[in-house]
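Structure file final_31.pdb (PDB, C-alpha atoms) follows.
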```
ATOM      1  CA  MET Y1446      16.917  -1.620 -16.192
ATOM      2  CA  ASN Y1447      16.846   0.488 -13.027
ATOM      3  CA  ILE Y1448      16.207  -2.113 -10.329
ATOM      4  CA  LYS Y1449      15.708   0.558  -7.666
ATOM      5  CA  LYS Y1450      12.825   2.082  -9.654
ATOM      6  CA  TYR Y1451      11.102  -1.287  -9.937
ATOM      7  CA  LEU Y1452      11.580  -2.047  -6.243
ATOM      8  CA  ASN Y1453      10.107   1.342  -5.387
ATOM      9  CA  PHE Y1454       7.241   0.755  -7.830
ATOM     10  CA  ILE Y1455       6.215  -2.507  -6.162
ATOM     11  CA  LYS Y1456       6.902  -1.035  -2.684
ATOM     12  CA  ILE Y1457       9.123  -3.932  -1.675
ATOM     13  CA  GLU Y1458       9.278  -2.684   1.924
ATOM     14  CA  HIS Y1459       5.494  -3.115   2.238
ATOM     15  CA  THR Y1460       5.795  -6.613   0.790
ATOM     16  CA  VAL Y1461       8.354  -7.655   3.410
ATOM     17  CA  PHE Y1462       6.187  -5.929   6.008
ATOM     18  CA  ASP Y1463       3.283  -8.325   5.250
ATOM     19  CA  LEU Y1464       5.279 -11.580   5.365
ATOM     20  CA  PRO Y1465       5.119 -11.994   9.176
ATOM     21  CA  PHE Y1466       1.323 -12.215   8.999
ATOM     22  CA  ALA Y1467       1.485 -15.192   6.620
ATOM     23  CA  TYR Y1468       4.020 -16.892   8.861
ATOM     24  CA  ALA Y1469       1.866 -16.089  11.910
ATOM     25  CA  GLY Y1470      -0.968 -18.026  10.274
ATOM     26  CA  MET Y1471       1.452 -20.865   9.565
ATOM     27  CA  LEU Y1472       2.613 -21.001  13.202
ATOM     28  CA  LEU Y1473      -0.977 -20.972  14.441
ATOM     29  CA  ALA Y1474      -1.627 -23.951  12.161
ATOM     30  CA  ASN Y1475       1.311 -25.606  13.961
ATOM     31  CA  TYR Y1476       2.177 -27.565  10.841
ATOM     32  CA  PHE Y1477       5.152 -26.575   8.717
ATOM     33  CA  ASN Y1478       8.433 -27.653   7.164
ATOM     34  CA  LEU Y1479      11.105 -26.065   4.970
ATOM     35  CA  LYS Y1480       9.019 -26.530   1.801
ATOM     36  CA  ILE Y1481       6.006 -24.765   3.335
ATOM     37  CA  ILE Y1482       8.146 -21.930   4.709
ATOM     38  CA  ILE Y1483       9.762 -21.272   1.306
ATOM     39  CA  LEU Y1484       6.576 -21.606  -0.772
ATOM     40  CA  LEU Y1485       4.571 -19.501   1.664
ATOM     41  CA  GLY Y1486       7.197 -16.763   1.452
ATOM     42  CA  ILE Y1487       7.144 -16.843  -2.345
ATOM     43  CA  ALA Y1488       3.335 -16.894  -2.499
ATOM     44  CA  SER Y1489       2.935 -14.010  -0.031
ATOM     45  CA  THR Y1490       5.534 -11.868  -1.767
ATOM     46  CA  ALA Y1491       4.069 -12.513  -5.223
ATOM     47  CA  ALA Y1492       0.526 -11.823  -4.013
ATOM     48  CA  ARG Y1493       1.514  -8.508  -2.432
ATOM     49  CA  ILE Y1494       3.378  -7.428  -5.578
ATOM     50  CA  SER Y1495       0.315  -8.309  -7.684
ATOM     51  CA  GLY Y1496      -1.908  -6.299  -5.371
ATOM     52  CA  MET Y1497       0.361  -3.270  -5.349
ATOM     53  CA  VAL Y1498       0.789  -3.228  -9.141
ATOM     54  CA  ILE Y1499      -2.889  -3.684  -9.989
ATOM     55  CA  ASN Y1500      -3.719  -0.812  -7.632
ATOM     56  CA  ARG Y1501      -1.164   1.391  -9.377
ATOM     57  CA  ILE Y1502      -2.661   0.488 -12.766
ATOM     58  CA  VAL Y1503      -6.286   1.083 -11.732
ATOM     59  CA  ASP Y1504      -5.411   4.342  -9.934
ATOM     60  CA  LEU Y1505      -3.292   5.690 -12.816
ATOM     61  CA  PRO Y1506      -5.877   8.292 -14.009
ATOM     62  CA  LEU Y1507      -6.140   9.723 -10.478
ATOM     63  CA  ASP Y1508      -2.380   9.520  -9.876
ATOM     64  CA  LYS Y1509      -1.800  11.666 -12.963
ATOM     65  CA  GLU Y1510      -3.890  14.470 -11.435
ATOM     66  CA  ASN Y1511      -2.869  14.160  -7.791
ATOM     67  CA  PRO Y1512       0.154  16.412  -7.047
ATOM     68  CA  ARG Y1513       1.393  13.937  -4.407
ATOM     69  CA  THR Y1514       1.513  11.008  -6.826
ATOM     70  CA  GLN Y1515       2.669  12.686 -10.037
ATOM     71  CA  LYS Y1516       6.229  11.424  -9.527
ATOM     72  CA  ARG Y1517       5.230   7.782  -9.398
ATOM     73  CA  GLU Y1518       7.060   5.662 -11.960
ATOM     74  CA  LEU Y1519       3.925   4.725 -13.899
ATOM     75  CA  VAL Y1520       2.854   8.366 -14.141
ATOM     76  CA  THR Y1521       6.263   9.676 -15.270
ATOM     77  CA  GLY Y1522       6.696   6.850 -17.770
ATOM     78  CA  GLU Y1523       9.824   5.473 -16.072
ATOM     79  CA  ILE Y1524       7.862   2.242 -16.005
ATOM     80  CA  SER Y1525       5.528   1.680 -18.951
ATOM     81  CA  LEU Y1526       1.959   0.500 -18.590
ATOM     82  CA  MET Y1527       2.887  -2.598 -20.594
ATOM     83  CA  ASN Y1528       5.681  -3.433 -18.148
ATOM     84  CA  ALA Y1529       3.334  -2.855 -15.223
ATOM     85  CA  TRP Y1530       0.835  -5.344 -16.666
ATOM     86  CA  LEU Y1531       3.714  -7.779 -17.301
ATOM     87  CA  ILE Y1532       4.821  -7.533 -13.649
ATOM     88  CA  PHE Y1533       1.226  -8.082 -12.566
ATOM     89  CA  PHE Y1534       0.712 -11.186 -14.693
ATOM     90  CA  ILE Y1535       4.091 -12.731 -13.798
ATOM     91  CA  SER Y1536       3.642 -12.157 -10.053
ATOM     92  CA  THR Y1537       0.066 -13.458 -10.211
ATOM     93  CA  ILE Y1538       1.163 -16.626 -12.022
ATOM     94  CA  ILE Y1539       3.973 -17.163  -9.490
ATOM     95  CA  PHE Y1540       1.459 -16.695  -6.662
ATOM     96  CA  ILE Y1541      -1.029 -19.181  -8.119
ATOM     97  CA  ILE Y1542       1.654 -21.794  -8.928
ATOM     98  CA  SER Y1543       3.252 -21.557  -5.477
ATOM     99  CA  SER Y1544      -0.223 -21.811  -3.915
ATOM    100  CA  PHE Y1545      -0.897 -24.948  -5.961
ATOM    101  CA  LEU Y1546       2.401 -26.438  -4.813
ATOM    102  CA  LEU Y1547       1.370 -25.788  -1.207
ATOM    103  CA  ASN Y1548      -2.005 -27.544  -1.426
ATOM    104  CA  PHE Y1549      -5.247 -27.613  -3.409
ATOM    105  CA  LEU Y1550      -7.241 -25.383  -1.038
ATOM    106  CA  ALA Y1551      -4.518 -22.705  -1.177
ATOM    107  CA  PHE Y1552      -4.751 -22.915  -4.972
ATOM    108  CA  ILE Y1553      -8.547 -22.401  -4.860
ATOM    109  CA  PHE Y1554      -8.110 -19.578  -2.339
ATOM    110  CA  SER Y1555      -5.457 -17.694  -4.359
ATOM    111  CA  PRO Y1556      -7.677 -15.921  -6.961
ATOM    112  CA  ILE Y1557      -9.885 -14.555  -4.162
ATOM    113  CA  LEU Y1558      -6.963 -12.627  -2.682
ATOM    114  CA  ILE Y1559      -6.011 -11.165  -6.069
ATOM    115  CA  LEU Y1560      -9.654 -10.180  -6.640
ATOM    116  CA  LEU Y1561      -9.737  -8.324  -3.300
ATOM    117  CA  PHE Y1562      -6.644  -6.323  -4.259
ATOM    118  CA  TYR Y1563      -8.174  -5.505  -7.642
ATOM    119  CA  LEU Y1564     -11.510  -4.363  -6.178
ATOM    120  CA  TYR Y1565      -9.999  -2.114  -3.502
ATOM    121  CA  PRO Y1566      -9.532   1.030  -5.679
ATOM    122  CA  PHE Y1567     -13.192   0.886  -6.720
ATOM    123  CA  THR Y1568     -14.405   0.849  -3.094
ATOM    124  CA  LYS Y1569     -13.088   4.392  -2.610
ATOM    125  CA  ARG Y1570     -16.299   5.693  -4.204
ATOM    126  CA  TYR Y1571     -18.354   4.259  -1.350
ATOM    127  CA  LYS Y1572     -18.669   5.620   2.169
ATOM    128  CA  ILE Y1573     -15.901   4.468   4.538
ATOM    129  CA  ILE Y1574     -15.859   0.955   2.996
ATOM    130  CA  SER Y1575     -12.442   1.323   1.344
ATOM    131  CA  HIS Y1576     -10.522   1.502   4.644
ATOM    132  CA  ILE Y1577     -12.084  -1.674   6.033
ATOM    133  CA  PHE Y1578     -11.869  -3.416   2.651
ATOM    134  CA  LEU Y1579      -8.134  -2.764   2.378
ATOM    135  CA  GLY Y1580      -7.623  -3.795   5.993
ATOM    136  CA  PHE Y1581      -9.305  -7.144   5.404
ATOM    137  CA  SER Y1582      -7.410  -7.627   2.130
ATOM    138  CA  ILE Y1583      -4.187  -7.555   4.165
ATOM    139  CA  GLY Y1584      -5.557  -9.207   7.312
ATOM    140  CA  ILE Y1585      -6.730 -12.214   5.317
ATOM    141  CA  ILE Y1586      -3.055 -13.058   4.733
ATOM    142  CA  VAL Y1587      -3.143 -14.606   8.228
ATOM    143  CA  ILE Y1588      -5.863 -16.977   7.001
ATOM    144  CA  GLY Y1589      -3.842 -17.553   3.832
ATOM    145  CA  GLY Y1590      -0.834 -18.606   5.917
ATOM    146  CA  TYR Y1591      -2.966 -21.092   7.825
ATOM    147  CA  ILE Y1592      -4.522 -22.556   4.672
ATOM    148  CA  GLY Y1593      -1.144 -22.663   2.930
ATOM    149  CA  SER Y1594       0.241 -24.682   5.810
ATOM    150  CA  ARG Y1595      -2.613 -27.017   6.764
ATOM    151  CA  GLY Y1596      -4.669 -27.178   3.588
ATOM    152  CA  ILE Y1597      -7.919 -26.789   5.522
ATOM    153  CA  PHE Y1598     -10.202 -23.844   6.292
ATOM    154  CA  PRO Y1599      -9.477 -22.419   9.763
ATOM    155  CA  THR Y1600     -11.901 -23.027  12.611
ATOM    156  CA  ASN Y1601      -9.352 -22.009  15.234
ATOM    157  CA  VAL Y1602     -10.671 -18.850  16.921
ATOM    158  CA  LEU Y1603      -7.115 -17.523  17.287
ATOM    159  CA  ILE Y1604      -6.811 -17.177  13.508
ATOM    160  CA  TRP Y1605      -9.955 -15.057  13.314
ATOM    161  CA  LEU Y1606      -9.006 -12.885  16.289
ATOM    162  CA  LEU Y1607      -5.614 -12.090  14.753
ATOM    163  CA  THR Y1608      -7.144 -11.508  11.303
ATOM    164  CA  ILE Y1609      -9.649  -9.008  12.702
ATOM    165  CA  SER Y1610      -6.959  -7.255  14.746
ATOM    166  CA  VAL Y1611      -4.619  -6.916  11.759
ATOM    167  CA  SER Y1612      -7.503  -5.790   9.518
ATOM    168  CA  PHE Y1613      -8.486  -2.886  11.754
ATOM    169  CA  TRP Y1614      -4.868  -1.891  12.298
ATOM    170  CA  ILE Y1615      -4.236  -1.717   8.533
ATOM    171  CA  SER Y1616      -7.554   0.127   8.123
ATOM    172  CA  SER Y1617      -6.386   2.749  10.614
ATOM    173  CA  PHE Y1618      -3.186   3.278   8.649
ATOM    174  CA  ASP Y1619      -5.200   3.671   5.454
ATOM    175  CA  ILE Y1620      -7.202   6.450   7.126
ATOM    176  CA  ILE Y1621      -3.944   8.247   7.940
ATOM    177  CA  TYR Y1622      -2.661   7.622   4.409
ATOM    178  CA  GLN Y1623      -5.852   9.006   2.839
ATOM    179  CA  ASN Y1624      -5.680  12.031   5.106
ATOM    180  CA  GLN Y1625      -2.792  13.292   2.959
ATOM    181  CA  ASP Y1626      -5.107  13.608  -0.039
ATOM    182  CA  ARG Y1627      -8.177  14.976   1.726
ATOM    183  CA  ASP Y1628      -8.658  18.032  -0.498
ATOM    184  CA  PHE Y1629      -7.861  16.198  -3.738
ATOM    185  CA  ASP Y1630     -10.112  13.265  -2.846
ATOM    186  CA  LYS Y1631     -12.990  15.575  -1.986
ATOM    187  CA  ASP Y1632     -12.853  17.101  -5.481
ATOM    188  CA  HIS Y1633     -12.706  13.665  -7.135
ATOM    189  CA  GLY Y1634     -15.533  11.842  -5.397
ATOM    190  CA  ILE Y1635     -13.437   9.736  -3.018
ATOM    191  CA  LYS Y1636     -15.516   9.044   0.088
ATOM    192  CA  SER Y1637     -12.833   8.351   2.644
ATOM    193  CA  ILE Y1638     -13.165   9.118   6.343
ATOM    194  CA  PRO Y1639     -10.863  12.194   6.080
ATOM    195  CA  VAL Y1640     -13.147  13.578   3.341
ATOM    196  CA  LEU Y1641     -16.426  12.789   5.086
ATOM    197  CA  TYR Y1642     -15.303  13.622   8.634
ATOM    198  CA  PRO Y1643     -12.308  15.989   8.326
ATOM    199  CA  ASN Y1644     -12.491  17.085  11.957
ATOM    200  CA  ARG Y1645     -12.840  13.588  13.385
ATOM    201  CA  VAL Y1646      -9.974  11.745  11.742
ATOM    202  CA  LYS Y1647      -8.123  11.230  15.034
ATOM    203  CA  GLU Y1648     -11.283   9.850  16.630
ATOM    204  CA  PHE Y1649     -11.768   7.268  13.892
ATOM    205  CA  VAL Y1650      -8.103   6.241  13.982
ATOM    206  CA  PHE Y1651      -8.315   5.896  17.765
ATOM    207  CA  ILE Y1652     -11.468   3.743  17.504
ATOM    208  CA  PHE Y1653      -9.897   1.492  14.857
ATOM    209  CA  TYR Y1654      -6.753   1.178  17.000
ATOM    210  CA  LEU Y1655      -8.851   0.318  20.034
ATOM    211  CA  ILE Y1656     -10.772  -2.409  18.192
ATOM    212  CA  SER Y1657      -7.467  -3.845  16.963
ATOM    213  CA  ILE Y1658      -5.957  -3.808  20.466
ATOM    214  CA  VAL Y1659      -9.042  -5.428  22.025
ATOM    215  CA  PHE Y1660      -9.008  -8.348  19.573
ATOM    216  CA  LEU Y1661      -5.236  -8.737  19.900
ATOM    217  CA  SER Y1662      -5.557  -8.727  23.704
ATOM    218  CA  ILE Y1663      -8.153 -11.508  23.559
ATOM    219  CA  PHE Y1664      -5.866 -13.366  21.154
ATOM    220  CA  TYR Y1665      -2.923 -13.205  23.575
ATOM    221  CA  TYR Y1666      -5.097 -13.929  26.599
ATOM    222  CA  LEU Y1667      -6.292 -17.190  25.009
ATOM    223  CA  ILE Y1668      -2.709 -18.175  24.213
ATOM    224  CA  ASN Y1669      -1.328 -17.405  27.660
ATOM    225  CA  LEU Y1670      -1.994 -14.663  30.195
ATOM    226  CA  LEU Y1671       1.704 -13.695  30.218
ATOM    227  CA  TYR Y1672       1.540 -12.990  26.482
ATOM    228  CA  LEU Y1673      -0.515  -9.882  27.231
ATOM    229  CA  LEU Y1674       2.866  -8.265  27.898
ATOM    230  CA  PHE Y1675       3.341  -8.116  24.114
ATOM    231  CA  ILE Y1676       0.409  -5.691  23.984
ATOM    232  CA  ILE Y1677       2.457  -2.993  25.764
ATOM    233  CA  PRO Y1678       4.941  -2.136  22.955
ATOM    234  CA  ILE Y1679       2.276  -2.627  20.267
ATOM    235  CA  ALA Y1680      -0.215  -0.324  22.011
ATOM    236  CA  PHE Y1681       2.510   2.270  22.519
ATOM    237  CA  LEU Y1682       3.374   2.253  18.809
ATOM    238  CA  TYR Y1683      -0.327   2.427  17.911
ATOM    239  CA  PHE Y1684      -1.298   5.362  20.031
ATOM    240  CA  TYR Y1685       1.949   7.335  19.897
ATOM    241  CA  ARG Y1686       1.529   7.493  16.139
ATOM    242  CA  ILE Y1687      -1.735   9.430  16.478
ATOM    243  CA  LYS Y1688       0.148  12.613  17.379
ATOM    244  CA  TYR Y1689       1.629  12.631  13.860
ATOM    245  CA  ILE Y1690      -1.661  12.032  12.093
ATOM    246  CA  ASN Y1691      -1.578  15.336  10.206
ATOM    247  CA  LYS Y1692       2.049  14.993   9.203
ATOM    248  CA  LYS Y1693       2.383  14.907   5.411
ATOM    249  CA  ASP Y1694       5.362  12.537   5.475
ATOM    250  CA  VAL Y1695       3.464   9.243   5.607
ATOM    251  CA  ASP Y1696       6.744   7.286   5.313
ATOM    252  CA  PHE Y1697       7.745   8.760   8.669
ATOM    253  CA  ILE Y1698       4.464   7.554  10.204
ATOM    254  CA  PHE Y1699       4.955   4.131   8.599
ATOM    255  CA  LYS Y1700       8.131   3.680  10.666
ATOM    256  CA  PHE Y1701       5.958   3.224  13.751
ATOM    257  CA  ASP Y1702       4.246   0.255  12.068
ATOM    258  CA  ILE Y1703       7.351  -1.630  10.968
ATOM    259  CA  PRO Y1704       8.095  -3.360  14.335
ATOM    260  CA  ILE Y1705       4.503  -4.510  14.946
ATOM    261  CA  PRO Y1706       4.291  -7.533  12.578
ATOM    262  CA  PHE Y1707       7.667  -8.725  13.848
ATOM    263  CA  ILE Y1708       6.611  -8.378  17.494
ATOM    264  CA  ILE Y1709       3.535 -10.506  16.761
ATOM    265  CA  LEU Y1710       5.560 -13.077  14.805
ATOM    266  CA  SER Y1711       8.265 -13.213  17.508
ATOM    267  CA  SER Y1712       5.655 -13.873  20.175
ATOM    268  CA  LEU Y1713       4.297 -16.831  18.186
ATOM    269  CA  ILE Y1714       7.778 -18.179  17.510
ATOM    270  CA  ILE Y1715       8.370 -18.205  21.278
ATOM    271  CA  LYS Y1716       5.081 -20.050  21.761
ATOM    272  CA  PHE Y1717       5.201 -22.677  19.027
ATOM    273  CA  ILE Y1718       8.903 -23.372  18.392
TER     274      ILE Y1718
END
```
Is it possible to express this structure as structure tokens?
Amino acid sequence: MNIKKYLNFIKIEHTVFDLPFAYAGMLLANYFNLKIIILLGIASTAARISGMVINRIVDLPLDKENPRTQKRELVTGEISLMNAWLIFFISTIIFIISSFLLNFLAFIFSPILILLFYLYPFTKRYKIISHIFLGFSIGIIVIGGYIGSRGIFPTNVLIWLLTISVSFWISSFDIIYQNQDRDFDKDHGIKSIPVLYPNRVKEFVFIFYLISIVFLSIFYYLINLLYLLFIIPIAFLYFYRIKYINKKDVDFIFKFDIPIPFIILSSLIIKFI
């Protein structure tokens, strides 16, 4: 077994990238212990793997035709469809069990997250929706972290402000990601922003960034006025990335995103620990 191929298939770096959002929700709940920290990490990782794999499976027919994705492990046969389904089912079961061990509400909440990941590929046929849908599918991990910790549905406005901010930030990255496949998507009925508005991609990314920054600024303002200082590096990373929007190497662009979840998590660690 080539472990590297499997790690690349499940995009392990994206999985680790999402963990801080779950822990941010946990810190905002202000209720945690070693058991919650471990189970929340397992649940978040398993959920993200499930989401990534089911998207690869659903998108397989398109990936076979798209020149950019023809070297993916599922397309080349390096990983069989049977093994992909096996990874999906195992990771989903681990996610549901770890959610159950956290609390009953997390257990009830768990299938909803998997369903969102499954539905995402189908939203690409509808105008603009896919970007926002994917953004919320990731942003909701903040809510998941809160529920996993407290076992109650969040009424704290801070949770919703951070969820909305993260959702629009992820949506903006999806616009950039889809911009790589503009011509292919146009020929295959994908109704992304780059396909529908090819000359206004930067404008849409800027607007999504701005919405994200506004909600994050309100979030930090309500925590403590001094915490608005955390907006400076995040805003810089947001808007500096726009200059590379037409660059085909999306992994290069992704490097600008990597520090952001950890900046947000670090700020909450300073506040609540």
Please evaluate the PyMOL selection byres ((chain Y and resi 1613) around 10) against the structure above and give the resulting residues as a ChimeraX atom specification. /Y:1576-1581,1583-1584,1608-1612,1614-1619,1650,1652-1658,1660
Taking the file above as input, evaluate the PyMOL selection byres ((chain Y and resi 1547) around 12) and report the hits as an MDAnalysis selection string. chainID Y and resid 1471 1477:1489 1540:1546 1548:1555 1589:1597
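Rounded to one decimal, CA of Tyr1672 (chain Y) and CA of Ser1712 (chain Y) lie 7.6 Å from each other.
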Top pick for closest residue to Arg1517 (chain Y), considering Y:Asn1453, Y:Thr1537, Y:Ser1575, Y:Thr1568 and counting only C-alpha atoms: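 Smallest distance to Arg1517 (chain Y) is found for Y:Asn1453.
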For Asp1463 (chain Y), the nearest of the candidates Y:Ser1582, Y:Gln1623, Y:Ser1637, Y:Gln1515, counting only C-alpha atoms: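 Result for the nearest residue to Asp1463 (chain Y): Y:Ser1582.
Proximity of Y:Ile1668, Y:Ile1718, Y:Leu1607, Y:Ile1690 to Val1646 (chain Y), computed with all atoms listed in the file, is greatest for Y:Ile1690.
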Find the distance between CA of Ile1677 (chain Y) and CA of Asn1644 (chain Y) and write it in Å to one decimal.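 Taking CA of Ile1677 (chain Y) as the start and CA of Asn1644 (chain Y) as the end point, the length is 28.6 Å.
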